Every structure is written in structure tokens, then in C-alpha cells.
$ cat data.txt   # compact mmCIF, C-alpha atoms
# COMPACT_ATOMS: atom_id res chain seq x y z
CA MET A 1353 24.47 2.25 -36.69
CA PRO A 1354 26.69 5.31 -36.94
CA HIS A 1355 23.95 7.79 -37.85
CA SER A 1356 21.00 9.09 -35.87
CA ASP A 1357 18.59 8.40 -38.76
CA SER A 1358 19.55 4.72 -38.61
CA LEU A 1359 18.80 4.69 -34.89
CA ASP A 1360 15.53 6.50 -35.50
CA ALA A 1361 14.51 3.99 -38.16
CA LEU A 1362 15.29 1.04 -35.90
CA VAL A 1363 13.30 2.49 -33.00
CA HIS A 1364 10.37 3.32 -35.29
CA ARG A 1365 10.34 -0.21 -36.71
CA THR A 1366 10.58 -1.79 -33.27
CA ALA A 1367 7.75 0.33 -31.88
CA HIS A 1368 5.55 -0.60 -34.85
CA THR A 1369 6.28 -4.32 -34.45
CA LEU A 1370 5.65 -4.36 -30.71
CA SER A 1371 2.50 -2.26 -30.94
CA ALA A 1372 0.98 -4.85 -33.26
CA LYS A 1373 1.56 -7.59 -30.67
CA GLN A 1374 0.81 -5.86 -27.38
CA ARG A 1375 -2.30 -4.43 -25.74
CA GLY A 1376 -2.05 -0.99 -24.20
CA ALA A 1377 0.59 1.67 -24.76
CA VAL A 1378 3.98 0.84 -26.25
CA VAL A 1379 6.81 3.37 -26.24
CA VAL A 1380 10.27 2.43 -27.51
CA GLY A 1381 13.38 4.50 -26.89
CA ALA A 1382 17.07 4.02 -27.57
CA VAL A 1383 20.25 5.94 -27.00
CA ARG A 1384 23.55 5.62 -28.85
CA GLY A 1385 26.33 8.08 -28.15
CA ASP A 1386 24.88 11.58 -28.44
CA ASN A 1387 21.81 10.39 -30.35
CA SER A 1388 18.48 9.18 -29.03
CA ALA A 1389 15.10 8.30 -30.52
CA VAL A 1390 11.60 7.65 -29.18
CA HIS A 1391 8.62 6.24 -31.08
CA GLY A 1392 5.25 4.66 -30.35
CA ALA A 1393 2.63 6.07 -28.01
CA ASP A 1394 2.87 9.56 -26.50
CA PRO A 1395 6.38 9.86 -24.98
CA ALA A 1396 4.77 11.49 -21.93
CA THR A 1397 3.05 8.20 -21.10
CA LEU A 1398 3.97 6.97 -17.62
CA PHE A 1399 4.61 3.31 -16.85
CA GLU A 1400 5.14 1.17 -13.78
CA ILE A 1401 8.82 0.39 -14.39
CA GLY A 1402 9.01 -2.59 -12.03
CA SER A 1403 12.49 -3.83 -11.24
CA ILE A 1404 14.18 -0.96 -13.07
CA SER A 1405 13.41 0.74 -9.74
CA LYS A 1406 16.30 -1.27 -8.28
CA THR A 1407 18.68 0.71 -10.49
CA PHE A 1408 17.46 3.93 -8.87
CA THR A 1409 17.75 2.47 -5.38
CA SER A 1410 21.35 1.37 -5.95
CA LEU A 1411 22.28 4.68 -7.57
CA ALA A 1412 20.90 6.51 -4.53
CA LEU A 1413 23.12 4.30 -2.36
CA ALA A 1414 26.11 5.17 -4.55
CA THR A 1415 25.44 8.91 -4.36
CA LEU A 1416 25.29 8.78 -0.57
CA ALA A 1417 28.44 6.66 -0.47
CA THR A 1418 30.42 9.08 -2.65
CA ARG A 1419 29.54 11.85 -0.18
CA GLU A 1420 30.60 9.53 2.65
CA GLU A 1421 27.16 9.75 4.24
CA VAL A 1422 26.99 5.98 4.25
CA SER A 1423 29.37 3.11 3.50
CA LEU A 1424 28.74 0.22 1.13
CA GLN A 1425 30.13 -1.97 3.89
CA ALA A 1426 27.74 -0.68 6.55
CA PRO A 1427 25.70 -3.51 8.13
CA LEU A 1428 22.01 -3.27 7.28
CA TYR A 1429 20.92 -3.25 10.92
CA THR A 1430 22.74 0.05 11.55
CA LEU A 1431 20.40 1.88 9.14
CA LEU A 1432 17.10 0.30 10.16
CA PRO A 1433 14.81 1.43 12.99
CA HIS A 1434 16.19 0.77 16.45
CA GLY A 1435 15.72 -2.80 17.59
CA ALA A 1436 15.30 -4.31 14.12
CA ALA A 1437 16.60 -7.89 14.09
CA VAL A 1438 18.57 -8.74 10.94
CA PRO A 1439 19.80 -12.29 10.27
CA GLY A 1440 23.43 -13.07 9.55
CA ARG A 1441 25.36 -16.23 8.81
CA SER A 1442 28.81 -17.56 9.65
CA GLY A 1443 29.49 -14.39 11.60
CA GLU A 1444 28.94 -12.14 8.57
CA PRO A 1445 26.16 -9.51 8.67
CA ILE A 1446 24.15 -8.36 5.68
CA ARG A 1447 25.83 -5.21 4.33
CA LEU A 1448 24.42 -2.58 1.98
CA GLU A 1449 26.63 -3.76 -0.87
CA HIS A 1450 25.19 -7.26 -0.49
CA LEU A 1451 21.66 -5.90 -0.90
CA ALA A 1452 22.59 -3.88 -4.00
CA CYS A 1453 24.38 -6.82 -5.66
CA HIS A 1454 21.87 -9.53 -4.60
CA THR A 1455 24.44 -11.37 -2.50
CA SER A 1456 22.72 -10.93 0.87
CA GLY A 1457 21.46 -14.52 1.06
CA LEU A 1458 17.92 -13.22 1.57
CA PRO A 1459 15.05 -15.01 -0.18
CA LYS A 1460 13.37 -13.43 -3.18
CA LEU A 1461 10.19 -12.42 -1.35
CA PRO A 1462 9.37 -11.26 2.19
CA ARG A 1463 8.46 -13.90 4.70
CA GLY A 1464 4.70 -14.05 5.14
CA LEU A 1465 3.88 -12.72 1.67
CA MET A 1466 2.94 -16.12 0.30
CA PRO A 1467 0.49 -17.74 -0.19
CA ARG A 1468 -1.73 -14.71 0.46
CA GLY A 1469 0.03 -12.58 -2.14
CA LEU A 1470 -0.24 -15.27 -4.80
CA PHE A 1471 -4.00 -14.69 -5.14
CA SER A 1472 -4.05 -10.94 -4.53
CA LYS A 1473 -4.54 -8.27 -7.19
CA ASP A 1474 -2.20 -6.02 -5.16
CA PRO A 1475 0.19 -8.50 -3.49
CA TYR A 1476 2.70 -6.05 -2.00
CA ALA A 1477 0.28 -3.44 -0.66
CA HIS A 1478 0.63 -4.66 2.94
CA CYS A 1479 4.46 -4.67 2.88
CA THR A 1480 4.78 -1.93 5.48
CA THR A 1481 7.87 -1.46 7.64
CA PRO A 1482 6.43 -3.44 10.61
CA PHE A 1483 5.44 -6.32 8.30
CA LEU A 1484 8.84 -6.41 6.59
CA LEU A 1485 10.85 -6.19 9.80
CA ASP A 1486 8.74 -8.87 11.48
CA GLY A 1487 9.34 -11.18 8.54
CA LEU A 1488 13.04 -10.30 8.45
CA ARG A 1489 13.36 -11.27 12.11
CA ARG A 1490 12.08 -14.78 11.23
CA THR A 1491 14.10 -15.19 8.01
CA ARG A 1492 17.00 -17.62 7.57
CA LEU A 1493 19.62 -16.74 4.98
CA ARG A 1494 20.24 -19.06 2.04
CA SER A 1495 23.98 -18.41 2.11
CA THR A 1496 26.62 -16.39 3.94
CA PRO A 1497 26.25 -12.71 2.93
CA GLY A 1498 28.64 -11.70 0.16
CA THR A 1499 29.34 -15.22 -1.11
CA ARG A 1500 26.55 -16.17 -3.55
CA PHE A 1501 24.21 -14.43 -5.97
CA HIS A 1502 20.49 -14.84 -5.18
CA TYR A 1503 18.17 -12.31 -6.83
CA SER A 1504 16.05 -10.77 -4.08
CA ASN A 1505 13.17 -8.32 -4.26
CA LEU A 1506 13.21 -8.34 -0.48
CA GLY A 1507 16.86 -7.27 -0.39
CA ALA A 1508 16.35 -4.40 -2.82
CA GLY A 1509 13.28 -3.24 -0.97
CA LEU A 1510 15.09 -3.32 2.37
CA LEU A 1511 17.91 -1.28 0.85
CA GLY A 1512 15.45 1.45 -0.14
CA LEU A 1513 13.76 1.30 3.26
CA ALA A 1514 17.11 1.51 5.08
CA LEU A 1515 18.41 4.45 3.04
CA ALA A 1516 15.16 6.35 3.49
CA HIS A 1517 15.20 5.76 7.26
CA HIS A 1518 18.88 6.70 7.50
CA THR A 1519 18.32 10.01 5.70
CA ALA A 1520 15.09 10.75 7.62
CA GLN A 1521 12.88 10.94 4.54
CA ASP A 1522 10.52 8.71 2.61
CA TYR A 1523 11.78 6.62 -0.31
CA ASP A 1524 10.06 8.81 -2.90
CA THR A 1525 11.86 11.92 -1.61
CA LEU A 1526 15.15 10.03 -1.44
CA ILE A 1527 14.98 9.07 -5.13
CA ARG A 1528 13.89 12.53 -6.20
CA THR A 1529 16.68 14.21 -4.24
CA GLU A 1530 19.54 11.84 -5.05
CA VAL A 1531 18.72 10.71 -8.60
CA ALA A 1532 15.72 12.28 -10.32
CA ASP A 1533 16.45 15.95 -9.68
CA PRO A 1534 20.19 15.79 -10.54
CA LEU A 1535 19.40 13.98 -13.83
CA LYS A 1536 16.36 16.21 -14.54
CA LEU A 1537 13.93 13.29 -14.55
CA HIS A 1538 10.70 15.26 -14.19
CA ASP A 1539 8.30 12.32 -14.49
CA THR A 1540 10.01 9.77 -12.24
CA ALA A 1541 8.32 9.15 -8.89
CA VAL A 1542 6.62 6.64 -6.65
CA THR A 1543 3.65 8.84 -5.79
CA LEU A 1544 2.08 10.55 -8.80
CA THR A 1545 0.26 13.86 -9.05
CA PRO A 1546 -3.29 13.81 -10.47
CA GLU A 1547 -1.91 15.12 -13.77
CA GLN A 1548 0.69 12.33 -13.91
CA THR A 1549 -1.89 9.71 -12.93
CA ALA A 1550 -3.94 10.74 -15.96
CA ARG A 1551 -0.91 9.90 -18.13
CA LEU A 1552 -0.27 6.51 -16.49
CA THR A 1553 -1.01 3.61 -18.81
CA PRO A 1554 -2.82 0.65 -17.24
CA GLY A 1555 -1.21 -2.73 -16.99
CA HIS A 1556 -2.62 -5.91 -18.52
CA THR A 1557 -2.75 -9.53 -17.46
CA ALA A 1558 -1.28 -12.35 -19.52
CA LEU A 1559 -4.75 -12.76 -21.04
CA GLY A 1560 -4.83 -9.13 -22.15
CA ARG A 1561 -7.28 -7.84 -19.54
CA ARG A 1562 -6.67 -4.46 -17.94
CA THR A 1563 -5.55 -4.65 -14.34
CA ALA A 1564 -4.99 -2.19 -11.50
CA ARG A 1565 -1.49 -1.04 -10.67
CA TRP A 1566 0.47 -2.45 -7.76
CA ARG A 1567 1.39 -0.55 -4.60
CA LEU A 1568 4.64 -1.72 -3.04
CA ALA A 1569 4.33 0.20 0.23
CA ASP A 1570 7.73 0.16 2.00
CA LEU A 1571 9.12 -2.36 -0.48
CA ALA A 1572 9.09 0.38 -3.14
CA GLY A 1573 12.86 0.18 -3.59
CA ALA A 1574 12.34 -3.15 -5.35
CA GLY A 1575 9.80 -1.99 -7.92
CA GLY A 1576 7.59 0.93 -6.92
CA ILE A 1577 8.73 3.69 -9.27
CA HIS A 1578 6.82 5.14 -12.23
CA SER A 1579 8.61 6.83 -15.13
CA THR A 1580 8.53 7.70 -18.83
CA VAL A 1581 10.75 6.46 -21.64
CA PRO A 1582 12.41 9.90 -22.10
CA ASP A 1583 13.31 9.93 -18.40
CA LEU A 1584 14.71 6.40 -18.62
CA LEU A 1585 16.83 7.39 -21.62
CA LEU A 1586 18.38 10.13 -19.49
CA LEU A 1587 19.14 7.52 -16.83
CA ALA A 1588 20.65 5.24 -19.47
CA ARG A 1589 22.75 8.08 -20.84
CA ALA A 1590 24.09 8.81 -17.36
CA HIS A 1591 25.20 5.19 -17.04
CA LEU A 1592 26.43 4.66 -20.59
CA THR A 1593 28.44 7.89 -20.94
CA PRO A 1594 31.90 6.94 -19.67
CA PRO A 1595 32.89 9.04 -16.68
CA ALA A 1596 36.07 10.98 -17.35
CA ALA A 1597 39.24 9.06 -16.59
CA GLU A 1598 41.28 10.01 -13.55
CA PRO A 1599 42.62 12.51 -12.73
CA ALA A 1600 40.29 14.61 -14.90
CA PRO A 1601 37.02 15.67 -13.22
CA PRO A 1602 34.08 13.34 -13.92
CA ALA A 1603 31.37 14.21 -16.42
CA GLY A 1604 27.73 14.49 -15.41
CA PRO A 1605 26.08 15.20 -12.04
CA LEU A 1606 26.22 11.58 -10.85
CA ALA A 1607 29.43 10.46 -12.55
CA ASP A 1608 31.16 9.60 -9.26
CA ALA A 1609 28.22 7.46 -8.21
CA VAL A 1610 28.09 5.76 -11.62
CA ARG A 1611 31.80 5.01 -11.39
CA LEU A 1612 31.23 3.42 -7.99
CA THR A 1613 28.53 1.12 -9.39
CA ARG A 1614 30.96 0.02 -12.10
CA THR A 1615 33.87 -0.71 -9.80
CA THR A 1616 31.72 -2.65 -7.32
CA ALA A 1617 30.85 -6.11 -8.59
CA HIS A 1618 30.25 -9.73 -7.63
CA PRO A 1619 30.78 -12.64 -10.08
CA ILE A 1620 27.73 -14.68 -11.04
CA PRO A 1621 28.50 -18.41 -11.27
CA GLY A 1622 28.10 -20.10 -14.63
CA GLY A 1623 29.05 -17.27 -16.94
CA PRO A 1624 31.00 -14.07 -17.51
CA SER A 1625 28.32 -11.79 -16.01
CA LYS A 1626 28.80 -9.85 -12.79
CA ALA A 1627 26.28 -8.30 -10.43
CA HIS A 1628 26.88 -4.59 -9.96
CA PRO A 1629 24.77 -2.34 -7.72
CA GLY A 1630 21.58 -2.05 -9.77
CA TRP A 1631 22.96 -3.79 -12.86
CA ILE A 1632 23.90 -7.24 -14.10
$ encode --input "data.txt" --output "C-alpha cells"
Amino acid sequence: MPHSDSLDALVHRTAHTLSAKQRGAVVVGAVRGDNSAVHGADPATLFEIGSISKTFTSLALATLATREEVSLQAPLYTLLPHGAAVPGRSGEPIRLEHLACHTSGLPKLPRGLMPRGLFSKDPYAHCTTPFLLDGLRRTRLRSTPGTRFHYSNLGAGLLGLALAHHTAQDYDTLIRTEVADPLKLHDTAVTLTPEQTARLTPGHTALGRRTARWRLADLAGAGGIHSTVPDLLLLARAHLTPPAAEPAPPAGPLADAVRLTRTTAHPIPGGPSKAHPGWI
């Protein structure tokens, strides 16, 4: 689709089709080159963006790494509160890169979350730092860190927790400072203002019933962010616009960090895909 009107027509058609099948608000956005389009419900509608939060967490790691405030190879335990016990395997510790690329060997969910969380309407609400670190102390890794891909909400959440603790701020402030403000994402946050809360669309169960939103406590780096489609298009544009080739200066406020997420990767067995920090 070489023309913006073609993109606009596709987005409009997609929004119409999805709106007929889904309960609640549907907003569809797309970006192609310099063109973008948004259709459906009010573009200012806020959503729980779930695991897209992991992209923000990894991009925050990359921004800190490009300023040499932290290393991708830093062991996780060096960024956690003093005395935190972090499992390793075969002499290899869990490093920040492993968390971002889902190669830490950690299980998908925190130890102690199930079966209680399986029947809870807000399963992650009690995932505070003490709860997570106590479970981490009792966790055995599925593989040696850095060797195998295992998708892990726990790992992504611990990455956000560690970066926030290392920079002496909460995760919400970390994301705003390192990602949202530089990209001018004005409606991207964990904690919403009353005005933003009024624009938040409710979630629905598989049966179509409205349901309360989830609170991820200190596991927010895995899925606790809220955002709008226009904000997410700005994030997509930052990632999809090729950073300028060396030795020319990079384009965009986070181009160096984006380049780092592209050059850091781990192969995923069984196909051509690779796990990058925040992306597959």
C-alpha cells in the first residue's frame, strides 16, 4: 500500500470488522513509513496493554545501557535489594539480557502465585517485592541462563523491578523518564490520573462480561502499563524507523537504544525467529 489513503481504508475496514465481533471499545491503528491511521472508538481511549509492557521495560534497559548506567551483562542480583537470593545454574547467573530475551531459565509465573491466582479476579495484586523475592529464592531454573528460550512473565517483571530499584525510583517513573517522555507518549503510564481513568475502557471475560482491571504490583514490568493506540503508534514508529547507519548520527531520541535491541538477539529453536529485548 504505497498511499496513505490505502492505509486509511485498510484500518477503517479492520476497525469496522473487529467492532462487529468484539464487546467494548475497539481502536485500530497502523503505521507505514511516514503515514499512520487510526479508526474505531475514540483514539483517546486507554487500554491495559498487557505484555506490550515488556517492550517498554526492555527499551528502558536499553536506554540505561547506552548511557552506560547499567550493562546488559550485569547479573540480576547486583540490581536487586541487598540480600536478595537469585538462582543460577551451571555456574552462570541470570543476567539482565537473559531477562529481556526470555533466556533466564525462570518459569513463566512467580512461585507461590498458583493455585491461588488461578481463581482470583486480580491474580497479580499481591506480587509485591517481598513476595517476588521470597519466591525467587525458592525457584529452580529450567535451563542454564542464556542457553534456551522460555517465555517468562516473572523474568520481565523482575527486570522492571531491578531497573527501578537500581535507579532509585518506582517502575512508573522509570518508564515515563526513559521511554514515554522522550517519545512524547502522554497517555502511557502504570498509575492513571482520575481523568485518564475515566477514559480507560473496561476489559471483558471470554463470555463477554465486563471485568475489573488487573493490578500487577511490583510485577508491572511484565504487563502493568496502560496506553492509547496513538501512543503505541509512536512507539512502533520509533522501532520501525531505521536508525541512521554509522557513522552518521542516529535519528530519533531513542535511536541508540533501539539499535541495541536490534543487535542483541537469541535464536529460538524450531524456526527463523529470534528473541530480541522486548521483541520476537
$ residues_around --input "data.txt" --residues "Leu1585 (chain A)" --least-positions-apart "4" --cutoff "9 Å" --atoms "all atoms listed in the file" --output "JSON, numbers by chain"
{"A": [1381, 1382, 1383, 1388, 1580, 1581, 1589, 1590]}
$ write_last_selection --input "data.txt" --atoms "C-alpha atoms" --output "CSV table (one decimal), in the coordinates of the input"
chain,number,residue,atom,x,y,z
A,1381,GLY,CA,13.4,4.5,-26.9
A,1382,ALA,CA,17.1,4.0,-27.6
A,1383,VAL,CA,20.2,5.9,-27.0
A,1388,SER,CA,18.5,9.2,-29.0
A,1580,THR,CA,8.5,7.7,-18.8
A,1581,VAL,CA,10.8,6.5,-21.6
A,1589,ARG,CA,22.8,8.1,-20.8
A,1590,ALA,CA,24.1,8.8,-17.4
$ closest_atom_pairs --input "data.txt" --of "region 1395-1476 of chain A" --to "region 1557-1577 of chain A" --cutoff "7 Å" --atoms "only C-alpha atoms" --output "JSON lines"
{"residue": "A:Glu1400", "atom": "CA", "partner": "A:Ile1577", "partner_atom": "CA", "distance": 6.3}
{"residue": "A:Ile1401", "atom": "CA", "partner": "A:Ile1577", "partner_atom": "CA", "distance": 6.1}
{"residue": "A:Gly1402", "atom": "CA", "partner": "A:Gly1575", "partner_atom": "CA", "distance": 4.2}
{"residue": "A:Ser1403", "atom": "CA", "partner": "A:Gly1575", "partner_atom": "CA", "distance": 4.7}
{"residue": "A:Ile1404", "atom": "CA", "partner": "A:Gly1575", "partner_atom": "CA", "distance": 6.8}
{"residue": "A:Ser1405", "atom": "CA", "partner": "A:Gly1575", "partner_atom": "CA", "distance": 4.9}
{"residue": "A:Lys1406", "atom": "CA", "partner": "A:Ala1574", "partner_atom": "CA", "distance": 5.3}
{"residue": "A:Thr1409", "atom": "CA", "partner": "A:Gly1573", "partner_atom": "CA", "distance": 5.7}
{"residue": "A:Asp1474", "atom": "CA", "partner": "A:Trp1566", "partner_atom": "CA", "distance": 5.2}
{"residue": "A:Tyr1476", "atom": "CA", "partner": "A:Leu1568", "partner_atom": "CA", "distance": 4.9}
$ residues_around --input "data.txt" --residues "region 1450-1465 of chain A" --least-positions-apart "3" --cutoff "7 Å" --atoms "all atoms listed in the file" --output "PyMOL selection string"
chain A and resi 1410+1446-1447+1468-1469+1484+1487-1488+1491+1493-1508+1511+1618+1627-1630
$ write_last_selection --input "data.txt" --atoms "C-alpha atoms" --output "tab-separated table (two decimals), keeping the file's coordinate frame"
chain	number	residue	atom	x	y	z
A	1410	SER	CA	21.35	1.37	-5.95
A	1446	ILE	CA	24.15	-8.36	5.68
A	1447	ARG	CA	25.83	-5.21	4.33
A	1468	ARG	CA	-1.73	-14.71	0.46
A	1469	GLY	CA	0.03	-12.58	-2.14
A	1484	LEU	CA	8.84	-6.41	6.59
A	1487	GLY	CA	9.34	-11.18	8.54
A	1488	LEU	CA	13.04	-10.30	8.45
A	1491	THR	CA	14.10	-15.19	8.01
A	1493	LEU	CA	19.62	-16.74	4.98
A	1494	ARG	CA	20.24	-19.06	2.04
A	1495	SER	CA	23.98	-18.41	2.11
A	1496	THR	CA	26.62	-16.39	3.94
A	1497	PRO	CA	26.25	-12.71	2.93
A	1498	GLY	CA	28.64	-11.70	0.16
A	1499	THR	CA	29.34	-15.22	-1.11
A	1500	ARG	CA	26.55	-16.17	-3.55
A	1501	PHE	CA	24.21	-14.43	-5.97
A	1502	HIS	CA	20.49	-14.84	-5.18
A	1503	TYR	CA	18.17	-12.31	-6.83
A	1504	SER	CA	16.05	-10.77	-4.08
A	1505	ASN	CA	13.17	-8.32	-4.26
A	1506	LEU	CA	13.21	-8.34	-0.48
A	1507	GLY	CA	16.86	-7.27	-0.39
A	1508	ALA	CA	16.35	-4.40	-2.82
A	1511	LEU	CA	17.91	-1.28	0.85
A	1618	HIS	CA	30.25	-9.73	-7.63
A	1627	ALA	CA	26.28	-8.30	-10.43
A	1628	HIS	CA	26.88	-4.59	-9.96
A	1629	PRO	CA	24.77	-2.34	-7.72
A	1630	GLY	CA	21.58	-2.05	-9.77
$ closest_residue --input "data.txt" --among "A:Thr1369, A:Gln1374, A:Thr1543, A:Pro1445" --to "Tyr1523 (chain A)" --atoms "all atoms listed in the file"
A:Thr1543
$ closest_residue --input "data.txt" --among "A:Pro1546, A:Pro1467, A:Pro1475, A:Pro1433" --to "His1517 (chain A)" --atoms "all atoms listed in the file"
A:Pro1433
$ residues_around --input "data.txt" --residues "Arg1551 (chain A)" --least-positions-apart "6" --cutoff "12 Å" --atoms "only C-alpha atoms" --output "mmCIF file with C-alpha atoms, in the coordinates of the input"
data_model
loop_
_atom_site.group_PDB
_atom_site.id
_atom_site.type_symbol
_atom_site.label_atom_id
_atom_site.label_comp_id
_atom_site.auth_asym_id
_atom_site.auth_seq_id
_atom_site.Cartn_x
_atom_site.Cartn_y
_atom_site.Cartn_z
ATOM 1 C CA ALA A 1377 0.590 1.670 -24.760
ATOM 2 C CA ALA A 1393 2.630 6.070 -28.010
ATOM 3 C CA ASP A 1394 2.870 9.560 -26.500
ATOM 4 C CA PRO A 1395 6.380 9.860 -24.980
ATOM 5 C CA ALA A 1396 4.770 11.490 -21.930
ATOM 6 C CA THR A 1397 3.050 8.200 -21.100
ATOM 7 C CA LEU A 1398 3.970 6.970 -17.620
ATOM 8 C CA PHE A 1399 4.610 3.310 -16.850
ATOM 9 C CA GLU A 1400 5.140 1.170 -13.780
ATOM 10 C CA ASP A 1539 8.300 12.320 -14.490
ATOM 11 C CA LEU A 1544 2.080 10.550 -8.800
ATOM 12 C CA THR A 1545 0.260 13.860 -9.050
ATOM 13 C CA HIS A 1578 6.820 5.140 -12.230
ATOM 14 C CA SER A 1579 8.610 6.830 -15.130
ATOM 15 C CA THR A 1580 8.530 7.700 -18.830
#
$ closest_residue --input "data.txt" --among "A:Leu1432, A:Leu1584, A:Leu1513, A:Leu1592" --to "Leu1537 (chain A)" --atoms "all atoms listed in the file"
A:Leu1584
$ decode --input "data.txt" --residues "region 1584-1593 of chain A" --atoms "all heavy atoms" --output "tab-separated table (two decimals), in the first residue's frame"
chain	number	residue	atom	x	y	z
A	1584	LEU	N	0.92	4.12	21.14
A	1584	LEU	CA	1.59	2.90	20.69
A	1584	LEU	C	2.09	3.01	19.26
A	1584	LEU	O	3.10	2.40	18.89
A	1584	LEU	CB	0.65	1.69	20.83
A	1584	LEU	CG	0.27	1.31	22.26
A	1584	LEU	CD1	-0.66	0.12	22.27
A	1584	LEU	CD2	1.50	1.04	23.11
A	1585	LEU	N	1.41	3.82	18.45
A	1585	LEU	CA	1.91	4.05	17.08
A	1585	LEU	C	3.22	4.83	17.12
A	1585	LEU	O	4.12	4.60	16.30
A	1585	LEU	CB	0.87	4.80	16.25
A	1585	LEU	CG	-0.37	4.00	15.84
A	1585	LEU	CD1	-1.28	4.88	14.98
A	1585	LEU	CD2	0.01	2.74	15.08
A	1586	LEU	N	3.35	5.76	18.07
A	1586	LEU	CA	4.61	6.49	18.21
A	1586	LEU	C	5.72	5.54	18.64
A	1586	LEU	O	6.87	5.65	18.19
A	1586	LEU	CB	4.45	7.62	19.23
A	1586	LEU	CG	3.57	8.79	18.81
A	1586	LEU	CD1	3.38	9.77	19.97
A	1586	LEU	CD2	4.17	9.51	17.61
A	1587	LEU	N	5.39	4.61	19.53
A	1587	LEU	CA	6.38	3.59	19.92
A	1587	LEU	C	6.77	2.74	18.72
A	1587	LEU	O	7.96	2.46	18.50
A	1587	LEU	CB	5.81	2.71	21.03
A	1587	LEU	CG	6.70	1.53	21.45
A	1587	LEU	CD1	7.91	2.03	22.22
A	1587	LEU	CD2	5.91	0.53	22.29
A	1588	ALA	N	5.78	2.31	17.94
A	1588	ALA	CA	6.06	1.50	16.76
A	1588	ALA	C	6.93	2.26	15.78
A	1588	ALA	O	7.88	1.71	15.20
A	1588	ALA	CB	4.76	1.08	16.10
A	1589	ARG	N	6.62	3.54	15.58
A	1589	ARG	CA	7.41	4.34	14.64
A	1589	ARG	C	8.86	4.44	15.10
A	1589	ARG	O	9.79	4.38	14.28
A	1589	ARG	CB	6.79	5.72	14.50
A	1589	ARG	CG	7.39	6.54	13.37
A	1589	ARG	CD	6.76	7.92	13.28
A	1589	ARG	NE	5.35	7.88	12.95
A	1589	ARG	CZ	4.89	7.72	11.71
A	1589	ARG	NH1	5.73	7.56	10.70
A	1589	ARG	NH2	3.59	7.71	11.48
A	1590	ALA	N	9.06	4.57	16.40
A	1590	ALA	CA	10.43	4.65	16.92
A	1590	ALA	C	11.21	3.38	16.62
A	1590	ALA	O	12.41	3.41	16.34
A	1590	ALA	CB	10.40	4.91	18.42
A	1591	HIS	N	10.52	2.23	16.68
A	1591	HIS	CA	11.19	0.96	16.41
A	1591	HIS	C	11.30	0.66	14.92
A	1591	HIS	O	12.27	0.03	14.48
A	1591	HIS	CB	10.44	-0.18	17.10
A	1591	HIS	CG	10.81	-0.37	18.53
A	1591	HIS	ND1	11.92	-1.07	18.92
A	1591	HIS	CD2	10.23	0.07	19.67
A	1591	HIS	CE1	12.01	-1.08	20.24
A	1591	HIS	NE2	10.99	-0.37	20.72
A	1592	LEU	N	10.33	1.08	14.13
A	1592	LEU	CA	10.31	0.72	12.72
A	1592	LEU	C	11.10	1.67	11.84
A	1592	LEU	O	11.47	1.32	10.73
A	1592	LEU	CB	8.87	0.65	12.23
A	1592	LEU	CG	8.00	-0.43	12.89
A	1592	LEU	CD1	6.56	-0.32	12.41
A	1592	LEU	CD2	8.55	-1.81	12.59
A	1593	THR	N	11.33	2.90	12.30
A	1593	THR	CA	12.14	3.84	11.54
A	1593	THR	C	13.60	3.44	11.69
A	1593	THR	O	14.13	3.45	12.79
A	1593	THR	CB	11.95	5.27	12.05
A	1593	THR	OG1	10.56	5.61	11.93
A	1593	THR	CG2	12.76	6.26	11.23
